[in-house]
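Asker: Here you go, this is upload-v6.txt (compact mmCIF, C-alpha atoms).
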# COMPACT_ATOMS: atom_id res chain seq x y z
CA MET A 1 83.18 100.87 77.49
CA THR A 2 80.75 100.01 80.28
CA ALA A 3 81.36 99.50 84.00
CA ALA A 4 80.75 95.77 83.52
CA GLU A 5 83.58 95.69 80.97
CA VAL A 6 85.85 97.56 83.38
CA TRP A 7 85.15 94.95 86.06
CA GLN A 8 85.83 92.07 83.68
CA ARG A 9 89.12 93.63 82.64
CA PHE A 10 89.99 94.22 86.29
CA TRP A 11 89.34 90.58 87.25
CA ASP A 12 91.38 89.39 84.26
CA TRP A 13 94.22 91.76 85.22
CA THR A 14 94.30 90.71 88.88
CA ALA A 15 94.08 87.01 87.97
CA THR A 16 97.59 87.21 86.55
CA ARG A 17 98.87 89.24 89.53
CA PRO A 18 98.18 87.17 92.66
CA SER A 19 98.43 88.84 96.06
CA SER A 20 101.10 86.32 97.02
CA ALA A 21 103.43 87.98 94.51
CA TYR A 22 102.08 91.54 94.14
CA VAL A 23 100.87 94.47 96.21
CA PHE A 24 98.57 97.20 94.90
CA ARG A 25 98.16 100.96 95.11
CA GLY A 26 95.35 103.17 93.84
CA GLN A 27 95.70 106.81 92.77
CA SER A 28 93.19 109.25 91.36
CA LYS A 29 95.52 109.84 88.41
CA ASP A 30 98.67 108.40 86.89
CA ARG A 31 101.55 110.30 88.49
CA PRO A 32 104.97 109.41 89.92
CA ILE A 33 104.79 107.15 92.98
CA VAL A 34 106.80 108.91 95.67
CA PRO A 35 106.32 109.10 99.44
CA LYS A 36 104.31 112.09 100.60
CA ILE A 37 107.32 113.78 102.18
CA GLY A 38 109.23 113.52 98.90
CA ARG A 39 106.71 115.50 96.87
CA SER A 40 107.78 118.92 95.63
CA VAL A 41 105.38 120.82 97.87
CA TYR A 42 107.36 119.71 100.94
CA GLN A 43 110.85 120.66 99.67
CA TYR A 44 112.34 117.58 101.29
CA SER A 45 114.99 118.01 103.97
CA PRO A 46 116.40 114.99 105.86
CA ALA A 47 117.10 117.13 108.93
CA LEU A 48 113.55 118.52 109.05
CA GLU A 49 112.11 115.05 108.45
CA LEU A 50 113.90 113.71 111.51
CA ARG A 51 112.91 116.71 113.65
CA MET A 52 109.26 116.30 112.65
CA PHE A 53 109.38 112.58 113.40
CA ARG A 54 110.83 113.18 116.87
CA LYS A 55 108.15 115.80 117.55
CA PHE A 56 105.47 113.33 116.47
CA LYS A 57 106.82 110.67 118.85
CA SER A 58 106.92 113.02 121.83
CA ALA A 59 103.49 114.58 121.22
CA ALA A 60 101.57 111.49 120.05
CA ARG A 61 102.01 109.53 123.30
CA ALA A 62 99.20 111.57 124.89
CA PHE A 63 96.75 110.14 122.35
CA LEU A 64 97.83 106.49 122.54
CA SER A 65 96.72 103.63 124.73
CA PHE A 66 99.76 101.56 123.72
CA ASP A 67 103.47 102.12 123.18
CA PRO A 68 104.86 101.43 119.71
CA ARG A 69 107.83 99.08 119.83
CA ASP A 70 110.33 100.94 117.67
CA ASP A 71 110.74 103.61 114.99
CA TRP A 72 109.24 101.33 112.32
CA ASP A 73 105.97 101.22 114.29
CA TRP A 74 106.09 104.93 115.05
CA LEU A 75 106.58 105.78 111.38
CA ALA A 76 103.75 103.45 110.33
CA LEU A 77 101.49 105.15 112.86
CA ALA A 78 102.41 108.59 111.55
CA GLN A 79 101.80 107.47 107.97
CA HIS A 80 98.33 106.14 108.68
CA HIS A 81 97.30 109.34 110.41
CA GLY A 82 98.35 111.57 107.53
CA ALA A 83 101.82 112.83 108.45
CA PRO A 84 104.25 113.14 105.54
CA THR A 85 106.73 110.26 105.81
CA ARG A 86 109.16 108.27 103.68
CA LEU A 87 106.64 105.41 103.50
CA THR A 88 104.26 104.70 100.62
CA ASP A 89 100.99 102.81 101.18
CA TRP A 90 100.17 99.61 99.30
CA SER A 91 97.67 96.84 99.92
CA GLU A 92 97.60 93.09 99.43
CA ASN A 93 93.95 93.52 98.38
CA PRO A 94 93.46 94.95 94.85
CA LEU A 95 89.89 95.98 95.74
CA VAL A 96 91.24 98.26 98.46
CA ALA A 97 93.59 99.83 95.92
CA LEU A 98 90.69 100.25 93.50
CA TYR A 99 88.71 101.98 96.26
CA PHE A 100 91.46 104.54 96.82
CA ALA A 101 91.73 105.11 93.07
CA VAL A 102 88.07 105.83 92.36
CA SER A 103 86.95 107.29 95.71
CA SER A 104 89.26 110.27 95.20
CA SER A 105 88.64 110.57 91.48
CA THR A 106 87.19 113.86 90.20
CA GLY A 107 85.62 112.12 87.22
CA GLU A 108 87.73 114.23 84.89
CA ILE A 109 90.98 112.23 84.83
CA ASP A 110 91.41 108.46 84.54
CA ALA A 111 92.15 106.72 87.85
CA VAL A 112 94.82 104.04 88.10
CA VAL A 113 95.69 100.95 90.14
CA TYR A 114 99.35 99.92 90.25
CA ALA A 115 100.60 96.37 90.83
CA LEU A 116 104.08 96.08 92.32
CA ASP A 117 105.91 92.82 91.62
CA LEU A 118 107.53 91.77 94.90
CA ASP A 119 110.10 89.64 93.05
CA ARG A 120 111.65 92.64 91.32
CA PRO A 121 115.44 92.55 91.70
CA ASP A 122 115.52 96.18 92.86
CA LEU A 123 113.30 95.47 95.90
CA ASP A 124 114.14 93.81 99.17
CA LYS A 125 111.79 92.69 101.94
CA LEU A 126 112.08 93.55 105.61
CA ASP A 127 110.25 92.18 108.61
CA PRO A 128 110.31 94.99 111.23
CA GLU A 129 109.94 92.38 113.97
CA SER A 130 113.14 90.55 113.03
CA PRO A 131 116.27 90.96 115.18
CA VAL A 132 118.43 93.96 114.35
CA GLU A 133 121.28 91.78 113.10
CA GLU A 134 118.92 90.22 110.52
CA ARG A 135 117.62 93.51 109.19
CA ALA A 136 119.76 94.08 106.14
CA ASN A 137 118.96 95.13 102.61
CA LEU A 138 120.82 94.11 99.49
CA ALA A 139 123.89 96.10 100.55
CA GLY A 140 124.15 93.99 103.69
CA TYR A 141 124.26 96.71 106.38
CA PRO A 142 122.10 96.93 109.53
CA ILE A 143 118.85 98.94 109.25
CA PRO A 144 117.40 99.13 112.76
CA SER A 145 115.29 102.18 111.86
CA PRO A 146 113.78 103.73 108.70
CA PHE A 147 116.34 106.53 108.88
CA SER A 148 119.32 104.19 108.62
CA LEU A 149 118.23 103.09 105.15
CA ARG A 150 120.95 104.29 102.77
CA LYS A 151 119.78 103.17 99.32
CA GLY A 152 116.95 101.51 97.45
CA VAL A 153 113.42 100.59 98.45
CA LEU A 154 112.29 98.09 101.08
CA VAL A 155 108.94 96.31 101.17
CA LEU A 156 107.65 96.05 104.74
CA ASP A 157 105.26 93.58 106.26
CA SER A 158 103.39 96.21 108.25
CA SER A 159 102.71 95.60 111.91
CA ALA A 160 99.06 95.45 112.90
CA ILE A 161 99.40 98.38 115.26
CA THR A 162 96.08 99.95 114.28
CA PRO A 163 92.79 98.49 112.99
CA ARG A 164 93.17 100.61 109.85
CA ILE A 165 96.36 98.86 108.80
CA THR A 166 94.76 95.46 109.37
CA ALA A 167 91.54 96.35 107.54
CA GLN A 168 93.43 97.70 104.54
CA ARG A 169 95.75 94.67 104.37
CA GLY A 170 98.40 97.33 104.49
CA VAL A 171 101.94 97.01 103.16
CA PHE A 172 104.53 99.76 102.96
CA THR A 173 107.47 100.58 100.80
CA ALA A 174 110.19 102.50 102.65
CA HIS A 175 112.31 104.77 100.47
CA ALA A 176 115.92 105.67 101.23
CA LYS A 177 115.54 108.71 98.95
CA PRO A 178 111.93 109.92 99.32
CA GLU A 179 112.18 112.19 96.29
CA ASP A 180 112.95 109.32 93.90
CA PRO A 181 109.84 107.69 92.35
CA ILE A 182 109.39 103.94 92.13
CA ASP A 183 108.59 102.93 88.57
CA VAL A 184 105.81 100.51 87.62
CA ASP A 185 105.63 99.03 84.13
CA LEU A 186 102.71 100.02 81.91
CA GLN A 187 101.30 96.48 81.90
CA ASP A 188 101.15 96.64 85.71
CA ARG A 189 98.89 99.70 85.62
CA PHE A 190 95.12 99.27 85.45
CA ILE A 191 93.26 102.32 84.16
CA VAL A 192 89.71 103.19 85.22
CA PRO A 193 88.14 105.58 82.68
CA ALA A 194 87.18 108.88 84.29
CA ALA A 195 83.61 108.69 83.04
CA LEU A 196 83.08 105.35 84.84
CA SER A 197 84.90 106.01 88.11
CA ARG A 198 81.77 107.05 90.02
CA GLU A 199 79.83 103.99 88.87
CA VAL A 200 82.70 101.69 89.81
CA PHE A 201 82.90 103.43 93.19
CA SER A 202 79.18 102.82 93.80
CA GLN A 203 79.57 99.17 92.86
CA LEU A 204 82.50 98.82 95.27
CA MET A 205 80.26 100.10 98.05
CA GLU A 206 77.66 97.52 97.10
CA LEU A 207 80.39 94.90 97.57
CA GLY A 208 81.11 96.28 101.05
CA ILE A 209 84.38 97.98 100.08
CA ASP A 210 83.56 101.39 101.53
CA GLY A 211 84.84 103.90 104.07
CA LEU A 212 83.84 101.76 107.03
CA HIS A 213 85.69 98.75 105.60
CA ILE A 214 88.81 100.81 104.93
CA PHE A 215 88.71 102.88 108.13
CA PRO A 216 86.94 100.80 110.83
CA ASP A 217 86.16 103.69 113.17
CA LEU A 218 83.70 106.59 113.45
CA ASP A 219 85.49 108.54 110.69
CA GLY A 220 85.07 105.55 108.38
CA LEU A 221 81.43 105.11 109.33
CA CYS A 222 80.61 108.74 108.55
CA SER A 223 82.62 108.60 105.31
CA SER A 224 80.67 105.51 104.26
CA LEU A 225 77.29 107.05 105.11
CA GLU A 226 78.14 110.27 103.25
CA ALA A 227 79.34 108.41 100.13
CA ARG A 228 76.27 106.16 100.09
CA TYR A 229 73.97 109.16 100.50
CA LYS A 230 75.66 111.13 97.70
CA ASN A 231 75.77 108.17 95.30
CA GLY A 232 72.32 106.75 96.02
CA VAL A 233 73.66 103.49 97.42
CA ALA A 234 71.52 101.69 100.00
CA PHE A 235 72.72 101.98 103.59
CA SER A 236 71.94 98.31 104.18
CA ALA A 237 69.40 95.66 103.28
CA LEU A 238 67.38 96.71 106.33
CA GLY A 239 67.03 100.36 105.54
Would you encode the structure as structure tokens?
Answerer:
Amino acid sequence: MTAAEVWQRFWDWTATRPSSAYVFRGQSKDRPIVPKIGRSVYQYSPALELRMFRKFKSAARAFLSFDPRDDWDWLALAQHHGAPTRLTDWSENPLVALYFAVSSSTGEIDAVVYALDLDRPDLDKLDPESPVEERANLAGYPIPSPFSLRKGVLVLDSSAITPRITAQRGVFTAHAKPEDPIDVDLQDRFIVPAALSREVFSQLMELGIDGLHIFPDLDGLCSSLEARYKNGVAFSALG
């Protein structure tokens, strides 16, 4: 298989999974999709999760020029800056998911992009900006904060509280039980062969899907420059 064939298969795959009905996630290998805090290395504890979250809220204010509105915004902020949370990142843009799949690939294991069908009966949607009395999942109880979620998985329209969330067309799933994986059918998994992941990554950069697009700040700029240097991709048409 060639990179051109991978791209053709990818376009065919996404054509039947429109962003109006699906969100996407990229991983360097096919493994259970669980929130970071639910992975075995963290030995999940609800009490410690809440203590860590409260510590984040109290300490993070010194670094912010704005005040998040509620715990949904605070948790989204923590997630996007690398703290382990009960949220899982997805994107409305399949190219962003593909970037995360191949940019972290070692070239030894196939990378994968997952498509999550938003019409699945086991998912519910939540708008964090809606009034508290309207925030209810399928069980019908109030969920004013992520920590009042008792069961299941919610899909969140993420607030544009940071440029990174906006640039990534970010969407979250919030998990009542962070240790429980969310399953995605085999036909909703797109595999990028390990041997072609670097070439696909270079071609994504040529399309402008690079570190600066994903992380529109100095960290993203430096990540983009480093990746282009290492992969022999032009910095721009002007030099």
Asker: May I ask which of the residues A:Arg31, A:Arg54, A:Arg39, A:Arg61 is the closest one to Pro84 of chain A, counting all atoms listed in the file?
Answerer: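 The answer is A:Arg39, which sits nearest to Pro84 of chain A.
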Asker: Residues near segment 9-19 of chain A, anyone? I mean within 10 Å using only C-alpha atoms, not counting same-chain ones fewer than 2 positions away, as an MDAnalysis selection string.
Answerer: chainID A and resid 3:7 21:24 91:95 98 113 115:118 187:192
Asker: Those same residues, written as an mmCIF file, keeping the file's coordinate frame with C-alpha atoms?
Answerer:
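The resulting file, out.cif, is reproduced below:
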data_model
loop_
_atom_site.group_PDB
_atom_site.id
_atom_site.type_symbol
_atom_site.label_atom_id
_atom_site.label_comp_id
_atom_site.auth_asym_id
_atom_site.auth_seq_id
_atom_site.Cartn_x
_atom_site.Cartn_y
_atom_site.Cartn_z
ATOM 1 C CA ALA A 3 81.360 99.500 84.000
ATOM 2 C CA ALA A 4 80.750 95.770 83.520
ATOM 3 C CA GLU A 5 83.580 95.690 80.970
ATOM 4 C CA VAL A 6 85.850 97.560 83.380
ATOM 5 C CA TRP A 7 85.150 94.950 86.060
ATOM 6 C CA ALA A 21 103.430 87.980 94.510
ATOM 7 C CA TYR A 22 102.080 91.540 94.140
ATOM 8 C CA VAL A 23 100.870 94.470 96.210
ATOM 9 C CA PHE A 24 98.570 97.200 94.900
ATOM 10 C CA SER A 91 97.670 96.840 99.920
ATOM 11 C CA GLU A 92 97.600 93.090 99.430
ATOM 12 C CA ASN A 93 93.950 93.520 98.380
ATOM 13 C CA PRO A 94 93.460 94.950 94.850
ATOM 14 C CA LEU A 95 89.890 95.980 95.740
ATOM 15 C CA LEU A 98 90.690 100.250 93.500
ATOM 16 C CA VAL A 113 95.690 100.950 90.140
ATOM 17 C CA ALA A 115 100.600 96.370 90.830
ATOM 18 C CA LEU A 116 104.080 96.080 92.320
ATOM 19 C CA ASP A 117 105.910 92.820 91.620
ATOM 20 C CA LEU A 118 107.530 91.770 94.900
ATOM 21 C CA GLN A 187 101.300 96.480 81.900
ATOM 22 C CA ASP A 188 101.150 96.640 85.710
ATOM 23 C CA ARG A 189 98.890 99.700 85.620
ATOM 24 C CA PHE A 190 95.120 99.270 85.450
ATOM 25 C CA ILE A 191 93.260 102.320 84.160
ATOM 26 C CA VAL A 192 89.710 103.190 85.220
#
Asker: Calculate how many Å separate atom CA of Glu108 of chain A from atom CA of Thr88 of chain A, rounding to one decimal.
Answerer: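 Taking atom CA of Glu108 of chain A as the start and atom CA of Thr88 of chain A as the end point, the length is 24.7 Å.
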Asker: Choose the residue, out of A:Leu77, A:Val153, A:Leu64, A:Leu204, that has the smallest atom-to-atom separation from Glu179 of chain A; count all atoms listed in the file.
Answerer: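 Answer, going by the shortest atom-to-atom distance: A:Val153.
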Asker: Can you tell me, as a tab-separated table (two decimals) with C-alpha atoms, keeping the file's coordinate frame, which residues sit within 12 Å of (105.5, 105.9, 112.2) in the file's frame, using only C-alpha atoms?
Answerer:
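out06.tsv was written with the following content:
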chain	number	residue	atom	x	y	z
A	49	GLU	CA	112.11	115.05	108.45
A	50	LEU	CA	113.90	113.71	111.51
A	52	MET	CA	109.26	116.30	112.65
A	53	PHE	CA	109.38	112.58	113.40
A	54	ARG	CA	110.83	113.18	116.87
A	55	LYS	CA	108.15	115.80	117.55
A	56	PHE	CA	105.47	113.33	116.47
A	57	LYS	CA	106.82	110.67	118.85
A	60	ALA	CA	101.57	111.49	120.05
A	67	ASP	CA	103.47	102.12	123.18
A	68	PRO	CA	104.86	101.43	119.71
A	69	ARG	CA	107.83	99.08	119.83
A	70	ASP	CA	110.33	100.94	117.67
A	71	ASP	CA	110.74	103.61	114.99
A	72	TRP	CA	109.24	101.33	112.32
A	73	ASP	CA	105.97	101.22	114.29
A	74	TRP	CA	106.09	104.93	115.05
A	75	LEU	CA	106.58	105.78	111.38
A	76	ALA	CA	103.75	103.45	110.33
A	77	LEU	CA	101.49	105.15	112.86
A	78	ALA	CA	102.41	108.59	111.55
A	79	GLN	CA	101.80	107.47	107.97
A	80	HIS	CA	98.33	106.14	108.68
A	81	HIS	CA	97.30	109.34	110.41
A	82	GLY	CA	98.35	111.57	107.53
A	83	ALA	CA	101.82	112.83	108.45
A	84	PRO	CA	104.25	113.14	105.54
A	85	THR	CA	106.73	110.26	105.81
A	86	ARG	CA	109.16	108.27	103.68
A	87	LEU	CA	106.64	105.41	103.50
A	88	THR	CA	104.26	104.70	100.62
A	128	PRO	CA	110.31	94.99	111.23
A	145	SER	CA	115.29	102.18	111.86
A	146	PRO	CA	113.78	103.73	108.70
A	147	PHE	CA	116.34	106.53	108.88
A	158	SER	CA	103.39	96.21	108.25
A	159	SER	CA	102.71	95.60	111.91
A	161	ILE	CA	99.40	98.38	115.26
A	162	THR	CA	96.08	99.95	114.28
A	172	PHE	CA	104.53	99.76	102.96
A	174	ALA	CA	110.19	102.50	102.65
Asker: Can you tell me how far atom CA of Gln27 of chain A sits from atom CA of Gln8 of chain A, in Å to one decimal?
Answerer: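 Going from atom CA of Gln27 of chain A over to atom CA of Gln8 of chain A, I get 19.9 Å.
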Asker: Just to confirm, what's the straight-line distance from atom CA of Asp180 of chain A to atom CA of Ala97 of chain A in Å (one decimal)?
Answerer: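 Straight-line distance from atom CA of Asp180 of chain A to atom CA of Ala97 of chain A works out to 21.7 Å.
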Asker: Which residue is closest to Thr106 of chain A? Choose from A:Val200, A:Val184, A:Ser28, A:Arg51 and count all atoms listed in the file.
Answerer: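 Smallest separation from Thr106 of chain A among the options: A:Ser28.
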Asker: So which residues touch Ser105 of chain A within 8 Å, counting all atoms listed in the file, skipping near sequence neighbours fewer than 6 positions away, as a PyMOL selection string?
Answerer: chain A and resi 28-29+111+194+197-198
Asker: Need to verify the contact set: Ala195 of chain A, 9 Å, all atoms listed in the file, exclusion of same-chain residues closer than 5 positions in sequence. Can you return it as a ChimeraX atom specification?
Answerer: /A:107-110
Asker: Looking at A:Leu196, A:Pro144, A:Asp210, A:Val112, which one is nearest to Asp30 of chain A, with distances taken over only C-alpha atoms?
Answerer: A:Val112
Asker: As JSON, what would the box around segment 178-195 of chain A look like: edges along x, y and z, 4 Å added on every side, centre and edge lengths in Å to one decimal?
Answerer:
{"center_x": 98.3, "center_y": 104.3, "center_z": 90.6, "size_x": 37.3, "size_y": 23.7, "size_z": 25.4}
Asker: Using all atoms listed in the file, which of A:Ser20, A:Val34, A:Glu199, A:Arg25 sits nearest Pro181 of chain A?
Answerer: A:Val34
Asker: Counting only C-alpha atoms, which residue out of A:Gly26, A:Pro178, A:Gly152, A:Pro121 sits closest to Ser45 of chain A?
Answerer: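 The shortest atom-to-atom distance to Ser45 of chain A comes from A:Pro178.
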